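Dumped upload_0.cif below, it's mmCIF, C-alpha atoms:
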data_work
loop_
_atom_site.label_atom_id
_atom_site.label_comp_id
_atom_site.auth_asym_id
_atom_site.auth_seq_id
_atom_site.Cartn_x
_atom_site.Cartn_y
_atom_site.Cartn_z
CA MET J 1 -160.48 78.61 -106.79
CA GLN J 2 -162.88 77.56 -109.53
CA GLN J 3 -163.33 81.18 -110.57
CA ARG J 4 -159.57 81.70 -110.82
CA PHE J 5 -159.12 78.53 -112.89
CA PHE J 6 -161.71 79.66 -115.43
CA SER J 7 -160.29 83.17 -115.64
CA GLN J 8 -160.11 84.91 -119.00
CA GLN J 9 -156.34 84.38 -119.21
CA ASN J 10 -156.62 80.65 -118.56
CA THR J 11 -159.36 80.44 -121.17
CA TYR J 12 -157.05 82.03 -123.75
CA TYR J 13 -154.26 79.61 -122.80
CA PHE J 14 -156.62 76.65 -123.13
CA ILE J 15 -157.91 77.73 -126.55
CA GLY J 16 -154.37 78.53 -127.70
CA SER J 17 -153.13 75.10 -126.60
CA ILE J 18 -155.94 73.36 -128.48
CA ILE J 19 -155.18 75.32 -131.65
CA LEU J 20 -151.45 74.63 -131.29
CA LEU J 21 -151.98 70.89 -130.81
CA ALA J 22 -154.31 70.80 -133.82
CA PHE J 23 -151.69 72.65 -135.87
CA LEU J 24 -148.98 70.20 -134.71
CA TYR J 25 -151.15 67.22 -135.61
CA PHE J 26 -151.90 68.60 -139.08
CA GLU J 27 -148.31 69.55 -139.90
CA CYS J 28 -146.62 66.43 -138.48
CA PHE J 29 -149.16 63.68 -139.25
CA VAL J 30 -151.73 64.84 -141.82
CA HIS J 31 -149.18 66.74 -143.94
CA PRO J 32 -145.90 64.93 -143.10
CA ASP J 33 -144.03 65.40 -146.41
CA LYS J 34 -141.79 68.47 -146.10
CA ASP J 35 -138.53 69.99 -147.31
CA PHE J 36 -137.09 68.67 -144.06
CA ASP J 37 -137.15 65.25 -145.77
CA VAL J 38 -134.44 66.62 -148.07
CA PHE J 39 -132.26 67.41 -145.05
CA ILE J 40 -132.80 63.88 -143.70
CA GLY J 41 -132.14 62.39 -147.13
CA ALA J 42 -128.85 64.31 -147.40
CA SER J 43 -127.84 63.08 -143.94
CA LYS J 44 -128.53 59.47 -144.96
CA LEU J 45 -126.42 59.84 -148.13
CA ILE J 46 -123.46 61.19 -146.16
CA ALA J 47 -123.82 58.35 -143.64
CA ASP J 48 -123.57 55.95 -146.61
CA GLY J 49 -120.42 57.70 -147.84
CA LYS J 50 -122.14 59.38 -150.80
CA THR J 51 -122.30 63.05 -151.78
CA CYS J 52 -125.58 64.81 -151.08
CA TYR J 53 -125.12 67.54 -153.70
CA ASN J 54 -126.51 67.53 -157.24
CA VAL J 55 -128.67 64.61 -156.16
CA TRP J 56 -132.44 64.85 -156.49
CA LEU J 57 -133.90 63.77 -153.16
CA PRO J 58 -137.54 62.63 -152.82
CA VAL J 59 -140.08 64.83 -151.01
CA GLY J 60 -143.53 63.31 -151.19
CA GLY J 61 -144.31 63.08 -154.89
CA SER J 62 -141.51 65.40 -156.06
CA PHE J 63 -137.73 65.77 -155.84
CA LEU J 64 -135.53 68.61 -154.54
CA LEU J 65 -131.83 69.43 -154.28
CA TYR J 66 -129.95 69.91 -151.01
CA TYR J 67 -128.28 73.34 -150.72
CA TYR J 68 -127.22 73.45 -147.08
CA SER J 69 -123.85 72.69 -145.48
CA PRO J 70 -122.25 69.28 -144.87
CA LEU J 71 -122.17 70.03 -141.14
CA PHE J 72 -125.94 70.52 -140.99
CA ALA J 73 -126.54 67.17 -142.67
CA VAL J 74 -124.09 65.48 -140.27
CA LEU J 75 -125.78 67.07 -137.24
CA LEU J 76 -129.10 65.58 -138.34
CA THR J 77 -127.72 62.02 -138.34
CA PRO J 78 -129.51 60.98 -135.09
CA LEU J 79 -132.87 61.93 -136.63
CA THR J 80 -132.31 59.55 -139.57
CA PHE J 81 -133.03 56.63 -137.24
CA LEU J 82 -136.50 57.97 -136.40
CA PRO J 83 -139.74 57.62 -138.37
CA GLN J 84 -140.85 60.64 -140.37
CA TYR J 85 -143.61 61.52 -137.90
CA PHE J 86 -141.20 61.60 -134.98
CA TYR J 87 -138.58 63.85 -136.53
CA ASN J 88 -141.36 66.11 -137.81
CA VAL J 89 -142.60 66.57 -134.23
CA ILE J 90 -139.06 67.29 -133.00
CA TRP J 91 -138.46 69.91 -135.67
CA PHE J 92 -141.92 71.43 -135.12
CA VAL J 93 -141.27 71.83 -131.38
CA LEU J 94 -137.81 73.30 -132.03
CA ASN J 95 -139.31 75.86 -134.42
CA LEU J 96 -141.88 76.78 -131.78
CA TRP J 97 -139.05 77.37 -129.33
CA PHE J 98 -137.15 79.50 -131.86
CA LEU J 99 -140.30 81.56 -132.41
CA TYR J 100 -140.75 81.98 -128.67
CA ARG J 101 -137.15 83.16 -128.36
CA ILE J 102 -137.66 85.64 -131.23
CA ILE J 103 -140.60 87.17 -129.34
CA LYS J 104 -138.48 87.38 -126.18
CA LEU J 105 -135.71 89.06 -128.19
CA LEU J 106 -138.20 91.70 -129.35
CA PHE J 107 -138.62 92.58 -125.67
CA TYR J 108 -134.86 93.19 -125.61
CA TYR J 109 -134.59 95.27 -128.79
CA LEU J 110 -137.85 97.21 -128.31
CA ASP J 111 -138.78 98.68 -124.95
CA PHE J 112 -142.13 97.13 -124.04
CA SER J 113 -142.04 98.46 -120.47
CA ARG J 114 -143.91 101.64 -121.41
CA LEU J 115 -146.70 99.63 -123.03
CA THR J 116 -149.72 98.35 -121.18
CA ASN J 117 -150.29 94.59 -121.19
CA ARG J 118 -153.09 95.09 -123.68
CA ASN J 119 -150.93 97.12 -126.08
CA ARG J 120 -148.02 94.73 -125.61
CA ASN J 121 -150.20 91.77 -126.58
CA LEU J 122 -151.64 93.78 -129.45
CA LEU J 123 -148.15 94.60 -130.72
CA ILE J 124 -147.04 90.95 -130.65
CA ALA J 125 -150.30 89.90 -132.33
CA LEU J 126 -149.87 92.46 -135.14
CA ILE J 127 -146.27 91.39 -135.70
CA LEU J 128 -147.24 87.72 -135.95
CA ILE J 129 -150.21 88.50 -138.21
CA ALA J 130 -148.02 90.60 -140.52
CA ASN J 131 -145.58 87.67 -140.86
CA LEU J 132 -148.19 84.92 -140.69
CA ARG J 133 -147.91 83.88 -144.33
CA PHE J 134 -144.18 83.17 -144.11
CA LEU J 135 -144.42 81.76 -140.59
CA VAL J 136 -146.97 79.14 -141.65
CA PHE J 137 -144.97 78.46 -144.81
CA ASN J 138 -141.88 77.64 -142.74
CA PHE J 139 -143.84 75.24 -140.54
CA ASP J 140 -145.59 73.77 -143.57
CA LEU J 141 -142.30 73.00 -145.35
CA GLY J 142 -140.19 72.27 -142.27
CA GLN J 143 -137.76 75.00 -143.32
CA MET J 144 -134.86 76.77 -141.56
CA THR J 145 -135.74 80.47 -141.65
CA ILE J 146 -137.24 80.69 -138.15
CA PHE J 147 -133.95 79.40 -136.75
CA LEU J 148 -131.95 81.82 -138.91
CA VAL J 149 -133.96 84.83 -137.69
CA PHE J 150 -133.54 83.69 -134.09
CA ALA J 151 -129.80 83.07 -134.49
CA SER J 152 -129.28 86.45 -136.18
CA LEU J 153 -131.03 88.48 -133.48
CA GLU J 154 -129.66 86.41 -130.60
CA SER J 155 -126.06 86.49 -131.83
CA ILE J 156 -126.07 90.29 -132.10
CA ARG J 157 -127.62 90.54 -128.63
CA LEU J 158 -124.92 88.29 -127.16
CA ILE J 159 -122.12 90.19 -128.89
CA THR J 160 -123.51 93.58 -127.85
CA ASN J 161 -123.78 92.39 -124.24
CA GLY J 162 -120.14 91.28 -124.19
CA GLN J 163 -120.66 87.54 -124.79
CA LYS J 164 -118.62 87.71 -127.97
CA ILE J 165 -117.47 84.09 -128.17
CA MET J 166 -120.94 82.62 -127.75
CA GLY J 167 -122.55 85.19 -130.04
CA SER J 168 -119.92 84.78 -132.75
CA ALA J 169 -120.16 80.98 -132.59
CA LEU J 170 -123.95 81.12 -132.97
CA LEU J 171 -123.74 83.49 -135.94
CA ALA J 172 -121.04 81.35 -137.56
CA LEU J 173 -123.22 78.25 -137.15
CA ALA J 174 -126.15 80.03 -138.81
CA ILE J 175 -123.90 81.16 -141.68
CA ASN J 176 -122.52 77.64 -142.07
CA ILE J 177 -125.98 76.13 -142.35
CA LYS J 178 -127.20 78.76 -144.81
CA LEU J 179 -125.27 81.78 -146.07
CA LEU J 180 -128.06 84.35 -145.57
CA PRO J 181 -126.84 85.64 -142.15
CA ILE J 182 -123.41 86.47 -143.61
CA THR J 183 -124.79 89.99 -144.23
CA LEU J 184 -124.52 90.59 -140.47
CA LEU J 185 -120.73 90.62 -140.81
CA LEU J 186 -121.17 94.02 -142.48
CA PHE J 187 -123.09 95.18 -139.41
CA LEU J 188 -120.39 93.95 -137.02
CA PHE J 189 -117.55 95.48 -139.03
CA TYR J 190 -119.32 98.83 -139.36
CA ARG J 191 -119.99 98.84 -135.61
CA ALA J 192 -116.25 98.31 -134.96
CA GLU J 193 -116.86 94.83 -133.55
CA TYR J 194 -113.59 93.67 -135.07
CA LYS J 195 -112.94 90.94 -132.51
CA SER J 196 -116.39 89.47 -133.05
CA SER J 197 -115.98 89.67 -136.84
CA LEU J 198 -112.73 87.71 -136.63
CA LEU J 199 -114.32 85.22 -134.24
CA VAL J 200 -117.19 84.64 -136.70
CA VAL J 201 -114.65 83.90 -139.44
CA PHE J 202 -112.68 81.64 -137.08
CA PHE J 203 -115.75 79.64 -136.01
CA SER J 204 -116.93 79.47 -139.63
CA LEU J 205 -113.68 77.69 -140.52
CA ILE J 206 -114.06 75.41 -137.51
CA PHE J 207 -117.61 74.46 -138.52
CA LEU J 208 -116.53 73.94 -142.12
CA PHE J 209 -114.07 71.23 -141.08
CA LEU J 210 -115.85 69.91 -138.00
CA PRO J 211 -117.45 67.04 -139.98
CA VAL J 212 -113.91 65.66 -140.47
CA LEU J 213 -114.26 64.13 -136.99
CA PHE J 214 -117.16 62.00 -138.24
CA ILE J 215 -116.69 61.44 -141.99
CA GLY J 216 -112.97 61.90 -142.57
CA TYR J 217 -110.85 64.62 -144.16
CA ASP J 218 -111.02 63.49 -147.80
CA PHE J 219 -114.80 62.94 -147.88
CA ASN J 220 -115.41 66.30 -146.17
CA ASN J 221 -113.28 68.06 -148.81
CA ILE J 222 -115.31 66.38 -151.56
CA LEU J 223 -118.54 67.59 -149.96
CA ILE J 224 -117.21 71.13 -149.56
CA ALA J 225 -116.16 71.22 -153.23
CA ASP J 226 -119.57 69.89 -154.34
CA TRP J 227 -121.34 72.39 -152.07
CA TRP J 228 -119.34 75.29 -153.45
CA SER J 229 -120.00 74.13 -157.00
CA ILE J 230 -123.79 74.02 -156.59
CA MET J 231 -123.86 77.36 -154.74
CA SER J 232 -121.71 79.20 -157.30
CA THR J 233 -123.68 77.75 -160.21
CA THR J 234 -126.92 78.89 -158.59
CA ALA J 235 -125.54 82.42 -158.11
CA ASP J 236 -124.26 82.65 -161.68
CA ASN J 237 -127.57 81.51 -163.18
CA SER J 238 -129.85 83.29 -160.72
CA LEU J 239 -131.53 85.49 -163.31
CA LEU J 240 -132.98 82.53 -165.21
CA GLU J 241 -133.12 79.86 -162.49
CA ASP J 242 -134.96 82.18 -160.09
CA LEU J 243 -137.76 82.92 -162.52
CA GLY J 244 -141.00 82.52 -160.59
CA ARG J 245 -139.41 83.09 -157.19
CA PRO J 246 -140.33 86.17 -155.11
CA GLY J 247 -136.82 87.69 -155.00
CA LEU J 248 -135.15 90.54 -156.85
CA SER J 249 -133.76 88.40 -159.69
CA SER J 250 -137.17 87.29 -160.88
CA PHE J 251 -138.72 90.72 -160.27
CA ILE J 252 -136.12 92.59 -162.37
CA LEU J 253 -136.23 90.02 -165.18
CA SER J 254 -140.03 90.18 -165.38
CA ILE J 255 -139.87 93.97 -165.84
CA LEU J 256 -136.99 94.10 -168.32
CA HIS J 257 -137.54 90.94 -170.37
CA GLU J 258 -140.56 89.14 -171.74
CA THR J 259 -141.04 86.00 -169.65
CA GLU J 260 -143.72 83.42 -169.08
CA GLY J 261 -145.45 83.16 -165.73
CA LYS J 262 -148.32 81.41 -164.04
CA VAL J 263 -150.88 83.50 -165.93
CA ALA J 264 -151.00 84.74 -169.50
CA LEU J 265 -150.63 88.42 -168.69
CA SER J 266 -147.85 90.68 -169.91
CA ARG J 267 -145.72 92.25 -167.16
CA ASN J 268 -142.54 93.46 -168.85
CA LEU J 269 -142.14 97.21 -169.30
CA PHE J 270 -139.05 96.82 -171.50
CA SER J 271 -137.68 94.19 -173.88
CA LEU J 272 -133.98 94.02 -173.01
CA ASN J 273 -131.68 91.06 -173.58
CA ILE J 274 -130.55 88.82 -170.72
CA VAL J 275 -127.08 90.36 -170.48
CA THR J 276 -128.47 93.88 -170.06
CA ALA J 277 -131.12 92.68 -167.61
CA ASN J 278 -128.41 90.99 -165.52
CA PHE J 279 -126.39 94.22 -165.55
CA VAL J 280 -129.41 96.18 -164.28
CA LEU J 281 -130.02 93.52 -161.64
CA ASN J 282 -126.50 93.92 -160.27
CA ILE J 283 -126.87 97.71 -160.20
CA VAL J 284 -130.10 97.44 -158.18
CA ARG J 285 -128.43 94.97 -155.83
CA GLY J 286 -125.53 97.38 -155.40
CA LEU J 287 -127.85 100.29 -154.63
CA LEU J 288 -129.70 98.26 -151.99
CA VAL J 289 -126.38 97.34 -150.38
CA ILE J 290 -125.19 100.96 -150.43
CA LEU J 291 -128.48 102.05 -148.86
CA THR J 292 -127.46 100.00 -145.82
CA LEU J 293 -125.15 102.87 -144.87
CA TYR J 294 -128.19 105.09 -144.26
CA PHE J 295 -129.56 102.67 -141.68
CA LEU J 296 -126.21 102.00 -140.03
CA ARG J 297 -125.91 105.74 -139.31
CA TRP J 298 -122.79 107.94 -139.20
CA PRO J 299 -119.94 107.83 -138.21
CA PRO J 300 -118.70 104.42 -139.33
CA PHE J 301 -116.33 102.08 -137.45
CA LYS J 302 -117.57 103.23 -134.09
CA LYS J 303 -119.25 101.07 -131.49
CA ASN J 304 -122.88 101.86 -130.74
CA SER J 305 -124.50 100.24 -127.73
CA ASN J 306 -127.89 101.82 -128.44
CA VAL J 307 -130.10 98.76 -128.81
CA PHE J 308 -132.90 100.59 -130.62
CA LEU J 309 -130.62 102.07 -133.29
CA ASN J 310 -128.96 98.69 -133.77
CA PHE J 311 -132.34 97.07 -134.29
CA TYR J 312 -133.21 99.74 -136.86
CA ALA J 313 -130.12 98.79 -138.87
CA LEU J 314 -130.73 95.06 -138.41
CA SER J 315 -134.30 95.48 -139.64
CA TYR J 316 -133.14 96.79 -143.00
CA ILE J 317 -130.20 94.40 -143.37
CA MET J 318 -132.38 91.37 -142.72
CA LEU J 319 -135.23 92.72 -144.87
CA VAL J 320 -133.02 93.24 -147.90
CA THR J 321 -131.19 89.90 -147.55
CA PRO J 322 -133.80 87.63 -149.23
CA LEU J 323 -134.20 90.25 -151.95
CA VAL J 324 -130.56 90.42 -153.03
CA PHE J 325 -129.57 86.80 -152.42
CA PRO J 326 -130.28 84.48 -155.35
CA HIS J 327 -132.44 81.36 -155.22
CA GLN J 328 -134.61 82.44 -152.28
CA ASN J 329 -138.08 81.00 -151.89
CA MET J 330 -141.10 82.49 -150.17
CA TYR J 331 -140.24 81.06 -146.74
CA SER J 332 -137.02 83.16 -146.68
CA PHE J 333 -139.14 86.31 -146.43
CA PHE J 334 -139.80 85.51 -142.79
CA TYR J 335 -136.67 87.70 -142.62
CA LEU J 336 -139.12 90.63 -142.82
CA LEU J 337 -140.11 90.08 -139.18
CA PRO J 338 -137.63 92.56 -137.62
CA ALA J 339 -138.66 95.28 -140.10
CA TYR J 340 -142.36 94.73 -139.45
CA SER J 341 -141.65 94.71 -135.70
CA TYR J 342 -139.81 98.03 -135.82
CA LEU J 343 -142.40 99.70 -138.06
CA ILE J 344 -145.45 98.54 -136.10
CA TYR J 345 -143.74 99.54 -132.83
CA PHE J 346 -142.93 102.99 -134.27
CA ALA J 347 -146.51 103.45 -135.49
CA MET J 348 -147.91 102.52 -132.08
CA LYS J 349 -145.57 105.06 -130.47
CA LEU J 350 -146.95 107.72 -132.81
CA PHE J 351 -150.55 106.88 -131.92
CA ALA J 352 -149.65 106.86 -128.21
CA LEU J 353 -148.10 110.31 -128.59
CA LYS J 354 -151.24 111.50 -130.37
CA GLN J 355 -153.40 110.25 -127.47
CA GLU J 356 -151.19 111.93 -124.88
CA ASN J 357 -151.08 115.22 -126.76
CA ASN J 358 -154.17 116.15 -128.75
CA ASN J 359 -152.30 119.06 -130.31
CA TYR J 360 -149.68 116.77 -131.81
CA LEU J 361 -150.13 116.37 -135.56
CA ILE J 362 -148.59 113.28 -137.11
CA PRO J 363 -146.29 114.54 -139.88
CA LEU J 364 -147.24 113.74 -143.46
CA LYS J 365 -144.18 111.56 -144.05
CA PHE J 366 -145.15 109.40 -141.07
CA LYS J 367 -148.67 109.06 -142.49
CA VAL J 368 -147.08 107.91 -145.76
CA GLY J 369 -144.99 105.42 -143.77
CA ILE J 370 -148.08 104.03 -142.03
CA ALA J 371 -149.81 103.74 -145.41
CA GLY J 372 -146.75 101.85 -146.67
CA ILE J 373 -147.04 99.33 -143.83
CA MET J 374 -150.72 98.76 -144.53
CA LEU J 375 -150.23 98.45 -148.29
CA SER J 376 -147.30 96.07 -147.84
CA PHE J 377 -149.52 93.90 -145.66
CA VAL J 378 -152.10 93.82 -148.44
CA PHE J 379 -149.50 92.98 -151.09
CA ILE J 380 -147.51 90.48 -149.03
CA THR J 381 -149.89 88.74 -146.63
CA LEU J 382 -153.42 89.25 -147.93
CA SER J 383 -152.35 88.06 -151.41
CA SER J 384 -151.95 84.53 -150.02
CA ASP J 385 -153.96 81.81 -151.72
CA GLY J 386 -155.45 80.89 -148.35
CA ILE J 387 -157.17 84.30 -148.29
CA ILE J 388 -157.92 85.29 -151.88
CA GLY J 389 -157.86 81.87 -153.54
CA ARG J 390 -155.35 80.19 -155.84
CA ASN J 391 -156.34 82.00 -159.06
CA TYR J 392 -155.96 85.52 -157.66
CA SER J 393 -152.88 84.51 -155.69
CA ASP J 394 -151.26 83.27 -158.91
CA ILE J 395 -151.88 86.69 -160.44
CA ALA J 396 -150.32 88.36 -157.39
CA GLU J 397 -147.25 86.11 -157.61
CA HIS J 398 -147.07 86.69 -161.37
CA PHE J 399 -146.77 90.44 -160.75
CA HIS J 400 -144.39 89.96 -157.80
CA PHE J 401 -146.54 91.46 -155.06
CA ILE J 402 -144.15 90.19 -152.38
CA ALA J 403 -141.18 92.05 -153.88
CA ILE J 404 -143.28 95.19 -154.36
CA GLY J 405 -144.56 94.99 -150.79
CA THR J 406 -140.98 94.58 -149.54
CA PHE J 407 -139.95 97.77 -151.34
CA MET J 408 -142.87 99.52 -149.63
CA LEU J 409 -141.42 98.43 -146.28
CA ILE J 410 -138.05 99.90 -147.27
CA ILE J 411 -139.70 103.25 -147.94
CA SER J 412 -141.49 103.12 -144.58
CA LEU J 413 -138.21 102.28 -142.82
CA ILE J 414 -136.56 105.30 -144.42
CA LEU J 415 -139.43 107.55 -143.35
CA PHE J 416 -139.61 106.17 -139.80
CA ASN J 417 -136.30 107.66 -138.75
CA PRO J 418 -135.60 106.74 -135.08
CA ASP J 419 -134.19 110.22 -134.44
CA ARG J 420 -137.73 111.61 -134.65
CA ILE J 421 -138.74 109.47 -131.70
CA ILE J 422 -135.91 111.12 -129.76
CA GLU J 423 -137.12 114.57 -130.72
CA ASN J 424 -140.62 113.87 -129.48
CA GLY J 425 -139.46 112.49 -126.16
CA VAL J 426 -140.87 108.99 -126.47
CA ARG J 427 -137.65 107.20 -127.27
CA PRO J 428 -137.98 103.72 -125.74
CA ASP J 429 -134.62 103.80 -123.96
CA LYS J 430 -135.02 107.30 -122.52
#
Would you mind writing the structure in this file as structure tokens?
Amino acid sequence: MQQRFFSQQNTYYFIGSIILLAFLYFECFVHPDKDFDVFIGASKLIADGKTCYNVWLPVGGSFLLYYYSPLFAVLLTPLTFLPQYFYNVIWFVLNLWFLYRIIKLLFYYLDFSRLTNRNRNLLIALILIANLRFLVFNFDLGQMTIFLVFASLESIRLITNGQKIMGSALLALAINIKLLPITLLLFLFYRAEYKSSLLVVFFSLIFLFLPVLFIGYDFNNILIADWWSIMSTTADNSLLEDLGRPGLSSFILSILHETEGKVALSRNLFSLNIVTANFVLNIVRGLLVILTLYFLRWPPFKKNSNVFLNFYALSYIMLVTPLVFPHQNMYSFFYLLPAYSYLIYFAMKLFALKQENNNYLIPLKFKVGIAGIMLSFVFITLSSDGIIGRNYSDIAEHFHFIAIGTFMLIISLILFNPDRIIENGVRPDK
């Protein structure tokens, strides 16, 4: 009995629990000031009958604006009666649960049954390590992206499995809280999920006016108008307001226009005016959107129940979302998790095929794809200030390593065509 209790697996669980509790204590008690305070502050304003938009809300020693929906602030009302430490613990535990569900969803989208326990654990570990920077950032700031990734993957799973009402309601809730998951409507429409698309729109309208039950019709309309105003203003001014952020707006502007950054190093290749730079930005955005058709496969407007192919498309759609959307901070790039999951899984399948067949030569384009994954990890994760220090990390952010690393992942996704797995007989669902 004693030998079983002190088994290797139990030892790992014990060490993991200690690390997790230490992480919870640090994030909720040692470092309690988070962006989540903005959400609580917005909820308190609404409870007092005041608008929560265009109001600078205190977060520790600074102030931030609230960009999320009125419904989200209303839903948080019960937490406003709790001390900061308590609602931090609640949100921390919820994010842990969302992360756990994301891992379970990977078991659904990617066939782990052919992997040994060791390789399965290795795959999960590599996925978490690849996304560690953004994962920690979401916990550190008390942000929403872990929930959004969970809701996106779970809603598509539910819809694909015939639970259209529940899946559509979950996706609509995620879109209501933050608009990022709205890109999945393109996926549903292209996959001929017309009923689900309409249900998402229907539930989105329901959630938009649901706060009426608690705050009244007139006040809710005022909040919706203020919300729309701040969101549209942000989109219109994204090229200048997003300067210094890791998204496409800042990346394009830094190349086409002379701008100041964290370090005194030139990074612009051209000296175009703002109007021209904004025109180029919209062209690049359009090209990235059009490229979605490659990942969605042909023919369009036809249902596809192949889970692996659907995950391939979702990986690109979610990867490109924080790039093309304006005003996205670093924590939004946790949206890269599905792409990293697909690419690492694909690479492990290639190495497994190589071990099974010594005569199999990994094609050059797949080697380039593997190199792209490794380089993206260097650019995106290893450029963190926790690894290379603040000075070098500032240089990496100045030259937009995260955006560059994301483009490397896009190239790897293009090269790692799922049809090649079919050809080599190691397709996970075959």
* What lies within 12 Å of segment 384-386 of chain J using only C-alpha atoms, ignoring chain neighbours under 6 positions off, as number ranges by chain? -> J: 130-134, 136-137, 330, 377-378, 392-397, 401-402
Reference answer for the PyMOL selection byres ((chain J and resi 147-159) around 7), as a JSON list (two decimals) with C-alpha atoms, in the frame of the given file:
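The resulting file, expr_12.json, is reproduced below:
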[["chain", "number", "residue", "atom", "x", "y", "z"],
["J", 95, "ASN", "CA", -139.31, 75.86, -134.42],
["J", 98, "PHE", "CA", -137.15, 79.50, -131.86],
["J", 101, "ARG", "CA", -137.15, 83.16, -128.36],
["J", 102, "ILE", "CA", -137.66, 85.64, -131.23],
["J", 144, "MET", "CA", -134.86, 76.77, -141.56],
["J", 145, "THR", "CA", -135.74, 80.47, -141.65],
["J", 146, "ILE", "CA", -137.24, 80.69, -138.15],
["J", 160, "THR", "CA", -123.51, 93.58, -127.85],
["J", 161, "ASN", "CA", -123.78, 92.39, -124.24],
["J", 162, "GLY", "CA", -120.14, 91.28, -124.19],
["J", 163, "GLN", "CA", -120.66, 87.54, -124.79],
["J", 164, "LYS", "CA", -118.62, 87.71, -127.97],
["J", 166, "MET", "CA", -120.94, 82.62, -127.75],
["J", 167, "GLY", "CA", -122.55, 85.19, -130.04],
["J", 168, "SER", "CA", -119.92, 84.78, -132.75],
["J", 170, "LEU", "CA", -123.95, 81.12, -132.97],
["J", 171, "LEU", "CA", -123.74, 83.49, -135.94],
["J", 174, "ALA", "CA", -126.15, 80.03, -138.81],
["J", 181, "PRO", "CA", -126.84, 85.64, -142.15],
["J", 335, "TYR", "CA", -136.67, 87.70, -142.62]]
* To do: Select, from J:Ser196, J:Asn304, J:Asn10, J:Ser69, the residue with the minimum atom-to-atom distance to Asn220 of chain J, counting all atoms listed in the file.
  =>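 That would be J:Ser69, the residue with the smallest distance to Asn220 of chain J.
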* To do: Do a neighbour search on segment 206-216 of chain J at 10 Å with only C-alpha atoms, toss out local chain neighbours closer than 6 positions, and write the hits as a list in words.
  => Ile46, Ala47, Asp48, Gly49, Ser69, Pro70, Leu71, Phe72, Ala73, Val74, Leu75, Ala169, Ala172, Leu173, Ile175, Asn176, Ile177, Val200 and Ile224 of chain J
Using C-alpha atoms, can you export the residues from the last selection as a PDB file, in the coordinates of the input?
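New file out01.pdb:
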ATOM      1  CA  ILE J  46    -123.460  61.190-146.160  1.00  0.00           C
ATOM      2  CA  ALA J  47    -123.820  58.350-143.640  1.00  0.00           C
ATOM      3  CA  ASP J  48    -123.570  55.950-146.610  1.00  0.00           C
ATOM      4  CA  GLY J  49    -120.420  57.700-147.840  1.00  0.00           C
ATOM      5  CA  SER J  69    -123.850  72.690-145.480  1.00  0.00           C
ATOM      6  CA  PRO J  70    -122.250  69.280-144.870  1.00  0.00           C
ATOM      7  CA  LEU J  71    -122.170  70.030-141.140  1.00  0.00           C
ATOM      8  CA  PHE J  72    -125.940  70.520-140.990  1.00  0.00           C
ATOM      9  CA  ALA J  73    -126.540  67.170-142.670  1.00  0.00           C
ATOM     10  CA  VAL J  74    -124.090  65.480-140.270  1.00  0.00           C
ATOM     11  CA  LEU J  75    -125.780  67.070-137.240  1.00  0.00           C
ATOM     12  CA  ALA J 169    -120.160  80.980-132.590  1.00  0.00           C
ATOM     13  CA  ALA J 172    -121.040  81.350-137.560  1.00  0.00           C
ATOM     14  CA  LEU J 173    -123.220  78.250-137.150  1.00  0.00           C
ATOM     15  CA  ILE J 175    -123.900  81.160-141.680  1.00  0.00           C
ATOM     16  CA  ASN J 176    -122.520  77.640-142.070  1.00  0.00           C
ATOM     17  CA  ILE J 177    -125.980  76.130-142.350  1.00  0.00           C
ATOM     18  CA  VAL J 200    -117.190  84.640-136.700  1.00  0.00           C
ATOM     19  CA  ILE J 224    -117.210  71.130-149.560  1.00  0.00           C
TER      20      ILE J 224
END
* **Hits from the PyMOL selection byres ((chain J and resi 339) around 12), listed as a ChimeraX atom specification** => /J:106,110,127,130-131,149,295,311-321,333-338,340-346,373,376,406-414,416
Output C-alpha atoms of each residue in that selection to a file, as a compact mmCIF listing (two decimals), in the frame of the given file.
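What follows is the written file out_2.txt:
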# COMPACT_ATOMS: atom_id res chain seq x y z
CA LEU J 106 -138.20 91.70 -129.35
CA LEU J 110 -137.85 97.21 -128.31
CA ILE J 127 -146.27 91.39 -135.70
CA ALA J 130 -148.02 90.60 -140.52
CA ASN J 131 -145.58 87.67 -140.86
CA VAL J 149 -133.96 84.83 -137.69
CA PHE J 295 -129.56 102.67 -141.68
CA PHE J 311 -132.34 97.07 -134.29
CA TYR J 312 -133.21 99.74 -136.86
CA ALA J 313 -130.12 98.79 -138.87
CA LEU J 314 -130.73 95.06 -138.41
CA SER J 315 -134.30 95.48 -139.64
CA TYR J 316 -133.14 96.79 -143.00
CA ILE J 317 -130.20 94.40 -143.37
CA MET J 318 -132.38 91.37 -142.72
CA LEU J 319 -135.23 92.72 -144.87
CA VAL J 320 -133.02 93.24 -147.90
CA THR J 321 -131.19 89.90 -147.55
CA PHE J 333 -139.14 86.31 -146.43
CA PHE J 334 -139.80 85.51 -142.79
CA TYR J 335 -136.67 87.70 -142.62
CA LEU J 336 -139.12 90.63 -142.82
CA LEU J 337 -140.11 90.08 -139.18
CA PRO J 338 -137.63 92.56 -137.62
CA TYR J 340 -142.36 94.73 -139.45
CA SER J 341 -141.65 94.71 -135.70
CA TYR J 342 -139.81 98.03 -135.82
CA LEU J 343 -142.40 99.70 -138.06
CA ILE J 344 -145.45 98.54 -136.10
CA TYR J 345 -143.74 99.54 -132.83
CA PHE J 346 -142.93 102.99 -134.27
CA ILE J 373 -147.04 99.33 -143.83
CA SER J 376 -147.30 96.07 -147.84
CA THR J 406 -140.98 94.58 -149.54
CA PHE J 407 -139.95 97.77 -151.34
CA MET J 408 -142.87 99.52 -149.63
CA LEU J 409 -141.42 98.43 -146.28
CA ILE J 410 -138.05 99.90 -147.27
CA ILE J 411 -139.70 103.25 -147.94
CA SER J 412 -141.49 103.12 -144.58
CA LEU J 413 -138.21 102.28 -142.82
CA ILE J 414 -136.56 105.30 -144.42
CA PHE J 416 -139.61 106.17 -139.80
